[in-house]
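Source file input26.cif; content: mmCIF, C-alpha atoms and all ligand atoms.
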```cif
data_run
#
loop_
_atom_site.label_atom_id
_atom_site.label_comp_id
_atom_site.auth_asym_id
_atom_site.auth_seq_id
_atom_site.Cartn_x
_atom_site.Cartn_y
_atom_site.Cartn_z
CA MET A 1281 21.23 9.83 -11.90
CA VAL A 1282 18.02 7.80 -11.70
CA ALA A 1283 17.26 6.22 -8.34
CA SER A 1284 14.31 5.09 -6.31
CA ALA A 1285 13.90 4.28 -2.63
CA LEU A 1286 11.34 2.98 -0.22
CA LEU A 1287 10.70 5.29 2.75
CA ASP A 1288 9.17 3.56 5.79
CA LEU A 1289 6.85 6.04 7.50
CA ASN A 1290 6.74 4.01 10.72
CA TRP A 1291 2.99 4.48 11.01
CA THR A 1292 1.71 4.45 14.62
CA GLY A 1293 5.28 3.63 15.64
CA GLN A 1294 5.31 0.39 13.66
CA ALA A 1295 7.76 -0.43 10.91
CA ARG A 1296 6.59 -1.82 7.54
CA CYS A 1297 2.99 -0.57 7.58
CA ILE A 1298 2.99 2.40 5.18
CA GLY A 1299 5.70 3.00 2.61
CA THR A 1300 6.33 5.97 0.33
CA ALA A 1301 8.29 5.67 -2.89
CA LEU A 1302 10.95 8.32 -3.53
CA LEU A 1303 11.76 8.68 -7.24
CA ARG A 1304 14.82 10.75 -8.17
CA SER A 1305 16.02 11.64 -11.63
CA ASP A 1306 18.19 14.58 -12.77
CA ASN A 1307 17.36 16.76 -9.78
CA PHE A 1308 13.68 15.94 -10.17
CA ASN A 1309 12.37 14.46 -6.92
CA ALA A 1310 8.94 12.91 -6.59
CA LEU A 1311 7.06 10.96 -3.97
CA ILE A 1312 4.40 8.40 -4.71
CA ASP A 1313 1.81 8.55 -1.88
CA PRO A 1314 3.34 10.71 0.89
CA GLY A 1315 1.27 8.96 3.58
CA PRO A 1316 -1.04 10.34 6.26
CA GLY A 1317 -0.66 13.62 8.14
CA SER A 1318 0.27 11.67 11.28
CA THR A 1319 3.63 10.55 9.79
CA LEU A 1320 4.88 13.92 8.51
CA THR A 1321 7.75 13.97 11.01
CA ALA A 1322 8.86 10.52 9.91
CA LEU A 1323 8.63 11.59 6.26
CA HIS A 1324 10.89 14.59 6.93
CA GLU A 1325 13.38 12.33 8.71
CA ARG A 1326 13.40 9.77 5.89
CA LEU A 1327 13.93 12.52 3.31
CA GLU A 1328 16.83 13.85 5.37
CA VAL A 1329 18.50 10.44 5.13
CA HIS A 1330 18.55 11.10 1.36
CA ARG A 1331 19.75 14.69 1.98
CA LEU A 1332 16.43 16.07 0.81
CA ARG A 1333 14.03 18.63 2.24
CA VAL A 1334 10.39 19.10 1.27
CA ALA A 1335 11.59 22.20 -0.60
CA ASP A 1336 13.65 19.88 -2.86
CA LEU A 1337 10.58 17.92 -3.96
CA ASN A 1338 8.99 18.67 -7.33
CA ALA A 1339 5.97 16.41 -7.44
CA ILE A 1340 3.69 14.15 -5.48
CA LEU A 1341 1.93 11.36 -7.31
CA LEU A 1342 -1.15 9.98 -5.62
CA THR A 1343 -2.36 6.47 -6.41
CA HIS A 1344 -5.60 7.43 -4.64
CA ILE A 1345 -6.81 9.90 -2.04
CA HIS A 1346 -7.43 7.69 1.00
CA LEU A 1347 -6.06 9.18 4.22
CA ASP A 1348 -3.23 6.68 4.64
CA HIS A 1349 -1.90 7.54 1.15
CA ALA A 1350 -2.69 11.20 0.54
CA GLY A 1351 -3.33 12.79 3.95
CA ALA A 1352 0.01 14.61 4.19
CA THR A 1353 -0.29 16.25 0.76
CA GLY A 1354 -1.86 19.56 1.81
CA ALA A 1355 0.70 20.11 4.58
CA LEU A 1356 3.53 19.42 2.12
CA VAL A 1357 2.10 21.96 -0.34
CA GLN A 1358 1.96 24.50 2.48
CA GLU A 1359 5.65 23.87 3.05
CA ASN A 1360 6.49 23.89 -0.67
CA PRO A 1361 3.87 25.80 -2.72
CA ALA A 1362 5.59 24.82 -5.99
CA LEU A 1363 4.71 21.13 -5.59
CA GLN A 1364 2.77 19.53 -8.44
CA ILE A 1365 0.16 17.08 -7.19
CA TYR A 1366 -0.91 14.35 -9.61
CA VAL A 1367 -4.31 12.82 -8.92
CA HIS A 1368 -7.05 11.11 -10.91
CA ALA A 1369 -9.93 13.34 -12.03
CA ARG A 1370 -12.41 11.49 -9.81
CA GLY A 1371 -10.36 12.19 -6.69
CA ALA A 1372 -9.38 15.80 -7.39
CA ALA A 1373 -12.41 17.51 -5.81
CA HIS A 1374 -11.70 15.81 -2.48
CA MET A 1375 -8.14 17.12 -2.44
CA ILE A 1376 -9.42 20.67 -2.93
CA ASP A 1377 -12.14 20.23 -0.30
CA PRO A 1378 -11.61 17.14 1.87
CA ALA A 1379 -14.66 17.79 4.13
CA LYS A 1380 -16.77 14.97 2.68
CA LEU A 1381 -13.88 12.52 2.66
CA LEU A 1382 -13.05 13.34 6.29
CA ASP A 1383 -16.68 13.05 7.25
CA SER A 1384 -17.01 9.52 5.92
CA ALA A 1385 -13.61 8.49 7.32
CA GLY A 1386 -14.66 9.97 10.67
CA ARG A 1387 -17.72 7.71 10.72
CA LEU A 1388 -15.48 4.66 10.26
CA TYR A 1389 -12.62 5.58 12.58
CA ARG A 1390 -14.39 7.87 15.11
CA GLN A 1391 -12.14 9.14 17.92
CA GLU A 1392 -9.19 7.12 16.57
CA MET A 1393 -9.04 9.22 13.42
CA GLN A 1394 -6.74 12.03 14.60
CA LYS A 1395 -4.28 9.64 16.22
CA LEU A 1396 -4.16 7.35 13.18
CA PHE A 1397 -4.13 9.90 10.37
CA GLY A 1398 -3.47 13.39 11.74
CA ASP A 1399 -4.59 16.43 9.74
CA PHE A 1400 -5.69 16.35 6.09
CA LEU A 1401 -5.25 19.87 4.76
CA PRO A 1402 -6.83 20.98 1.48
CA VAL A 1403 -4.66 21.39 -1.64
CA PRO A 1404 -5.05 24.57 -3.74
CA GLU A 1405 -6.58 23.75 -7.12
CA GLY A 1406 -3.64 25.35 -8.91
CA ASN A 1407 -1.24 22.69 -7.60
CA LEU A 1408 -3.26 19.80 -9.00
CA ARG A 1409 -2.37 17.97 -12.21
CA ILE A 1410 -5.43 15.99 -13.21
CA LEU A 1411 -5.02 12.47 -14.57
CA GLN A 1412 -7.41 10.30 -16.57
CA GLY A 1413 -5.13 7.32 -17.14
CA GLY A 1414 -3.09 6.70 -20.28
CA GLU A 1415 -0.72 9.64 -19.77
CA THR A 1416 3.07 9.43 -19.79
CA LEU A 1417 4.67 11.74 -17.24
CA ALA A 1418 8.22 13.05 -17.60
CA LEU A 1419 9.90 13.30 -14.19
CA GLY A 1420 13.41 14.49 -15.02
CA SER A 1421 14.72 11.87 -17.43
CA ARG A 1422 12.40 9.25 -15.97
CA GLU A 1423 9.14 8.43 -17.66
CA LEU A 1424 6.15 7.09 -15.78
CA ARG A 1425 3.06 5.69 -17.43
CA VAL A 1426 -0.30 6.25 -15.76
CA LEU A 1427 -2.78 3.40 -15.74
CA TYR A 1428 -6.35 3.82 -14.50
CA THR A 1429 -6.86 0.95 -12.04
CA PRO A 1430 -10.22 1.28 -10.24
CA GLY A 1431 -11.60 -1.41 -7.92
CA HIS A 1432 -10.23 -0.48 -4.50
CA ALA A 1433 -11.26 3.11 -5.20
CA SER A 1434 -13.01 4.61 -8.22
CA HIS A 1435 -10.13 7.08 -8.68
CA HIS A 1436 -7.20 4.68 -8.21
CA VAL A 1437 -4.26 4.85 -10.61
CA THR A 1438 -1.08 2.79 -10.96
CA TYR A 1439 2.22 4.33 -12.03
CA PHE A 1440 4.51 2.22 -14.19
CA ASP A 1441 8.18 2.83 -14.83
CA PRO A 1442 8.80 1.04 -18.16
CA LYS A 1443 12.58 1.19 -17.82
CA GLU A 1444 12.87 -0.34 -14.35
CA ARG A 1445 9.64 -2.27 -14.95
CA VAL A 1446 8.27 -1.37 -11.53
CA ALA A 1447 4.51 -0.93 -11.08
CA TYR A 1448 3.53 1.34 -8.18
CA VAL A 1449 0.15 -0.20 -7.48
CA GLY A 1450 -0.99 1.54 -4.28
CA ASP A 1451 -3.67 -0.74 -2.82
CA THR A 1452 -4.66 -2.46 -6.07
CA ALA A 1453 -2.64 -5.61 -5.31
CA GLY A 1454 -3.51 -5.89 -1.62
CA ILE A 1455 -1.47 -5.84 1.55
CA SER A 1456 1.62 -8.01 1.69
CA ILE A 1457 4.69 -7.36 3.78
CA GLU A 1458 7.88 -7.50 1.71
CA GLY A 1459 9.46 -10.92 1.99
CA HIS A 1460 6.25 -12.59 3.19
CA PRO A 1461 4.07 -14.44 0.66
CA PHE A 1462 0.75 -13.77 2.41
CA ILE A 1463 -1.61 -11.25 0.77
CA LEU A 1464 -4.62 -9.68 2.44
CA PRO A 1465 -7.18 -7.68 0.44
CA ALA A 1466 -8.22 -4.21 1.61
CA THR A 1467 -11.83 -3.61 0.62
CA PRO A 1468 -13.01 -0.44 2.41
CA PRO A 1469 -16.15 1.51 1.44
CA PRO A 1470 -17.38 3.38 -0.51
CA ASP A 1471 -16.52 2.27 -4.05
CA ILE A 1472 -15.32 -1.33 -4.12
CA SER A 1473 -16.01 -3.02 -7.45
CA LEU A 1474 -14.66 -6.54 -7.87
CA GLU A 1475 -15.35 -6.51 -11.64
CA LEU A 1476 -13.35 -3.31 -12.15
CA TRP A 1477 -10.70 -4.61 -9.78
CA PHE A 1478 -10.16 -7.83 -11.74
CA ALA A 1479 -9.84 -5.80 -14.95
CA SER A 1480 -7.27 -3.57 -13.23
CA LEU A 1481 -5.27 -6.60 -12.13
CA ASP A 1482 -5.31 -7.82 -15.77
CA ALA A 1483 -4.10 -4.43 -16.95
CA ILE A 1484 -1.23 -4.44 -14.44
CA ALA A 1485 -0.27 -8.01 -15.40
CA GLN A 1486 -0.20 -6.99 -19.08
CA LEU A 1487 2.55 -4.49 -18.30
CA ARG A 1488 4.72 -7.49 -17.39
CA PRO A 1489 6.26 -5.72 -14.41
CA ARG A 1490 9.43 -7.05 -12.86
CA ARG A 1491 8.40 -5.75 -9.42
CA LEU A 1492 5.31 -4.39 -7.73
CA PHE A 1493 5.56 -1.62 -5.15
CA LEU A 1494 2.82 -1.95 -2.53
CA THR A 1495 2.08 0.89 -0.12
CA HIS A 1496 1.45 -1.79 2.54
CA PHE A 1497 4.30 -2.75 2.34
CA GLY A 1498 7.28 -2.74 0.02
CA TYR A 1499 8.26 -4.67 -3.10
CA SER A 1500 6.86 -7.91 -4.41
CA ASP A 1501 9.42 -9.56 -6.66
CA GLN A 1502 7.15 -12.21 -8.14
CA PRO A 1503 4.43 -10.10 -9.72
CA GLU A 1504 2.80 -12.85 -11.72
CA ARG A 1505 2.44 -15.12 -8.73
CA HIS A 1506 1.40 -12.22 -6.53
CA LEU A 1507 -1.33 -11.05 -8.90
CA THR A 1508 -2.70 -14.58 -9.41
CA ALA A 1509 -2.77 -15.30 -5.68
CA TYR A 1510 -4.35 -11.93 -4.98
CA ARG A 1511 -7.05 -12.43 -7.59
CA GLU A 1512 -7.99 -15.77 -5.98
CA ARG A 1513 -8.18 -14.26 -2.52
CA LEU A 1514 -10.27 -11.33 -3.70
CA GLN A 1515 -12.61 -13.73 -5.51
CA ARG A 1516 -12.88 -15.77 -2.31
CA TRP A 1517 -13.69 -12.68 -0.23
CA GLY A 1518 -16.37 -11.74 -2.75
CA GLU A 1519 -17.98 -15.17 -2.42
CA LEU A 1520 -17.56 -15.28 1.35
CA SER A 1521 -19.21 -11.89 1.87
CA ALA A 1522 -22.08 -12.83 -0.49
CA GLU A 1523 -22.64 -16.03 1.45
CA ILE A 1524 -22.66 -14.20 4.80
CA LEU A 1525 -25.05 -11.59 3.40
CA SER A 1526 -27.45 -14.34 2.31
CA ARG A 1527 -27.80 -15.40 5.96
CA GLY A 1528 -29.60 -12.12 6.72
CA LEU A 1529 -27.63 -11.39 9.91
CA GLU A 1530 -27.48 -8.15 11.89
CA GLN A 1531 -24.57 -5.97 10.77
CA SER A 1532 -22.45 -6.60 13.90
CA GLU A 1533 -23.09 -10.36 13.67
CA ALA A 1534 -22.16 -10.32 9.96
CA VAL A 1535 -18.89 -8.50 10.69
CA ARG A 1536 -18.07 -11.11 13.32
CA ALA A 1537 -18.87 -13.96 10.91
CA PHE A 1538 -16.63 -12.38 8.26
CA GLY A 1539 -13.84 -11.93 10.82
CA ARG A 1540 -14.16 -15.53 11.97
CA SER A 1541 -13.97 -16.90 8.42
CA VAL A 1542 -10.94 -14.79 7.52
CA ALA A 1543 -9.20 -15.76 10.77
CA ALA A 1544 -9.95 -19.41 9.97
CA GLU A 1545 -8.39 -18.92 6.52
CA LEU A 1546 -5.34 -17.37 8.16
CA SER A 1547 -4.92 -20.24 10.56
CA HIS A 1548 -5.36 -22.62 7.62
CA TYR A 1549 -2.46 -20.77 6.01
CA VAL A 1550 -0.44 -21.13 9.20
CA PHE A 1551 -1.35 -24.82 9.19
CA ASN A 1552 -0.13 -25.16 5.60
CA GLY A 1553 3.09 -23.52 6.65
CA ALA A 1554 3.65 -26.54 8.92
CA LEU A 1555 4.46 -24.35 11.90
CA GLN A 1556 4.81 -27.37 14.13
CA LEU A 1557 7.63 -28.72 11.98
CA SER A 1558 9.25 -25.30 11.82
CA TRP A 1559 9.15 -25.08 15.58
CA LEU A 1560 10.69 -28.55 15.95
CA GLY A 1561 13.46 -27.68 13.48
CA LEU A 1562 14.34 -24.44 15.23
CA GLU A 1563 14.09 -26.02 18.64
CA ARG A 1564 16.55 -28.70 17.50
CA TYR A 1565 18.86 -26.04 16.03
CA HIS A 1566 19.00 -24.15 19.34
CA ARG A 1567 19.44 -27.37 21.32
CA LYS A 1568 22.33 -28.54 19.07
CA ARG A 1569 24.04 -25.17 19.40
CA ALA A 1570 23.75 -25.23 23.17
CA GLU A 1571 25.11 -28.78 23.25
CA ALA A 1572 28.09 -27.84 21.05
CA LYS A 1573 28.84 -24.84 23.25
CA ALA A 1574 28.69 -26.96 26.42
CA LYS A 1575 31.06 -29.51 24.83
CA GLU A 1576 33.44 -26.73 23.77
CA SER A 1577 33.68 -25.23 27.23
CA ALA A 1578 33.96 -28.70 28.81
CA GLY A 1579 36.83 -29.66 26.45
ZN ZN A 1601 -3.94 2.03 1.88
#
```

Take the structure from the file and write it as structure tokens.
Ligand SMILES: [Zn+2]
Amino acid sequence: MVASALLDLNWTGQARCIGTALLRSDNFNALIDPGPGSTLTALHERLEVHRLRVADLNAILLTHIHLDHAGATGALVQENPALQIYVHARGAAHMIDPAKLLDSAGRLYRQEMQKLFGDFLPVPEGNLRILQGGETLALGSRELRVLYTPGHASHHVTYFDPKERVAYVGDTAGISIEGHPFILPATPPPDISLELWFASLDAIAQLRPRRLFLTHFGYSDQPERHLTAYRERLQRWGELSAEILSRGLEQSEAVRAFGRSVAAELSHYVFNGALQLSWLGLERYHRKRAEAKAKESAG
């Protein structure tokens, strides 16, 4: 039996924000990105739906070590000390000692940090399986190829299932809610590199995936279109931020200018979606239905 599932971790009580992939094959159970510490209860519940406990898991594969992807790992290892944790070499030290990572995240999120991400416990070195990229992992009868895909983070990897042709891309292909065509980049500090990122997008495209699995959130079934659109948006954000920087604004003013431009792009997108026409069509639909109902009860 080879199966995979998307587990919605219901982050901060909201559906379709952070998703974990459950990969099952011949009694080998693995998670790709178990999510933050704050959604451990939800993770347990979602596993239960598949009649699994943490003790039934064999491996956790991390695309990268950011809190929203990897935060729960240490707690899961405490619960199941046999878990193998796959992580890129450049991220491994932070899993063993997350102090520095938590320190820099704390500066960004401040008092919100605990509520958003919960605890990030360290992982014993012995549980780690260090990746460089280029490996093929055997998970039961399933094989997963590891691709080094820096850009969003210097230690980001993508996992590719060559049989199902699914690429588990973490945050490399942006944020896009399953079923919605809009894609938003996520470009947090400290190691964004647009050049590396574009090369990573090329490498993913060369795999000719049938589907992408995005942590935020779910599957994208038109990988080629998705990757092209994402590349354009990332390019645009690169140019936009350079242009704002050239104005020599105060940091807070620059953030506001960036926010305004992105919001304007979003409303342009809404404009292109011809919302007004959509509203008129739906309004007419509801009106027609009400009229038909009134006629029915009158006749
Ligand atoms: Zn993320």

Study note, to complete from the structure: With distances taken over all atoms listed in the file, the candidate from A:His1436, A:Arg1511, A:His1330, A:His1346 nearest Ser1384 (chain A) is A:His1346

If you take only C-alpha atoms and all ligand atoms and a cut-off of 8 Å, which residues of chain A touch ligand ZN 1601 (chain A), and what are their nearest atom pairs and distances in Å to one decimal, in chain and number order, as a Markdown table?
```
| residue | atom | partner | partner_atom | distance |
| --- | --- | --- | --- | --- |
| A:Ile1298 | CA | A:ZN1601 | ZN | 7.7 |
| A:His1346 | CA | A:ZN1601 | ZN | 6.7 |
| A:Leu1347 | CA | A:ZN1601 | ZN | 7.8 |
| A:Asp1348 | CA | A:ZN1601 | ZN | 5.5 |
| A:His1349 | CA | A:ZN1601 | ZN | 5.9 |
| A:Gly1450 | CA | A:ZN1601 | ZN | 6.8 |
| A:Asp1451 | CA | A:ZN1601 | ZN | 5.5 |
| A:Ala1466 | CA | A:ZN1601 | ZN | 7.6 |
| A:Thr1495 | CA | A:ZN1601 | ZN | 6.4 |
| A:His1496 | CA | A:ZN1601 | ZN | 6.6 |
```

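Closest approach to Leu1287 (chain A) among A:Gly1498, A:Gly1579, A:Gly1398, A:Gly1561: A:Gly1498, based on all atoms listed in the file.
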
Shell around region 1412-1428 of chain A at 7 Å using all atoms listed in the file, local window under 2 positions removed, as a compact mmCIF listing (two decimals) with C-alpha atoms, in the coordinates of the input:
```txt
# COMPACT_ATOMS: atom_id res chain seq x y z
CA SER A 1305 16.02 11.64 -11.63
CA ASP A 1306 18.19 14.58 -12.77
CA ASN A 1307 17.36 16.76 -9.78
CA PHE A 1308 13.68 15.94 -10.17
CA HIS A 1368 -7.05 11.11 -10.91
CA ALA A 1369 -9.93 13.34 -12.03
CA ILE A 1410 -5.43 15.99 -13.21
CA PRO A 1430 -10.22 1.28 -10.24
CA HIS A 1436 -7.20 4.68 -8.21
CA VAL A 1437 -4.26 4.85 -10.61
CA THR A 1438 -1.08 2.79 -10.96
CA TYR A 1439 2.22 4.33 -12.03
CA PHE A 1440 4.51 2.22 -14.19
CA ASP A 1441 8.18 2.83 -14.83
```

Check your understanding: Which residue, A:Thr1467, A:Ile1455, A:Ala1544, A:Leu1408, has the smallest gap to Gly1299 (chain A) when you use all atoms listed in the file?
Key ->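 The closest residue to Gly1299 (chain A) is A:Ile1455.
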
Practice item. Quick one: pull the distance between CA of Arg1304 (chain A) and CA of His1324 (chain A), Å, one decimal. Key: 16.1 Å

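Of the listed residues (A:Ala1578, A:Leu1337, A:Ala1447, A:Met1281), A:Ala1447 comes nearest to Tyr1499 (chain A); the distances count only C-alpha atoms.
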
Review point. What is the CA of Ala1570 (chain A) to CA of Gly1459 (chain A) distance in Å?
Key: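 Taking CA of Ala1570 (chain A) as the start and CA of Gly1459 (chain A) as the end point, the length is 29.3 Å.
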
Practice item. One decimal, Å: what's the distance from CA of Ala1339 (chain A) over to CA of Leu1311 (chain A), could you say? Key: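 So the two atoms, CA of Ala1339 (chain A) and CA of Leu1311 (chain A), lie 6.6 Å apart.
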
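A distance cut-off of 12 Å around (2.4, -12.6, 6.0), counting all atoms listed in the file, selects these protein and nucleic acid residues: A:Arg1296, A:Gly1454, A:Ile1455, A:Ser1456, A:Ile1457, A:Glu1458, A:Gly1459, A:His1460, A:Pro1461, A:Phe1462, A:Ile1463, A:Leu1464, A:His1496, A:Phe1497, A:Leu1546, A:Ser1547, A:Tyr1549, A:Val1550, A:Gly1553.
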
Check your understanding: Looking at A:Phe1538, A:Tyr1510, A:Phe1493, A:Tyr1448, which one is nearest to Trp1477 (chain A), with distances taken over only C-alpha atoms?
Key ->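 Ranked by minimum distance to Trp1477 (chain A), first place goes to A:Tyr1510.
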
Practice item. Find, counting only C-alpha atoms, the residue in A:Arg1536, A:Phe1478, A:Arg1567, A:Pro1316 that gets nearest to Glu1512 (chain A). Key: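 Comparing A:Arg1536, A:Phe1478, A:Arg1567, A:Pro1316 against Glu1512 (chain A), the winner is A:Phe1478.
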
Exercise for review: Anything within 8 Å of (4.4, 15.1, -3.3): list those residues as a ChimeraX atom specification, counting only C-alpha atoms and sticking to the file's coordinates.
Suggested key: /A:1310-1314,1337-1342,1353,1356-1357,1363-1365
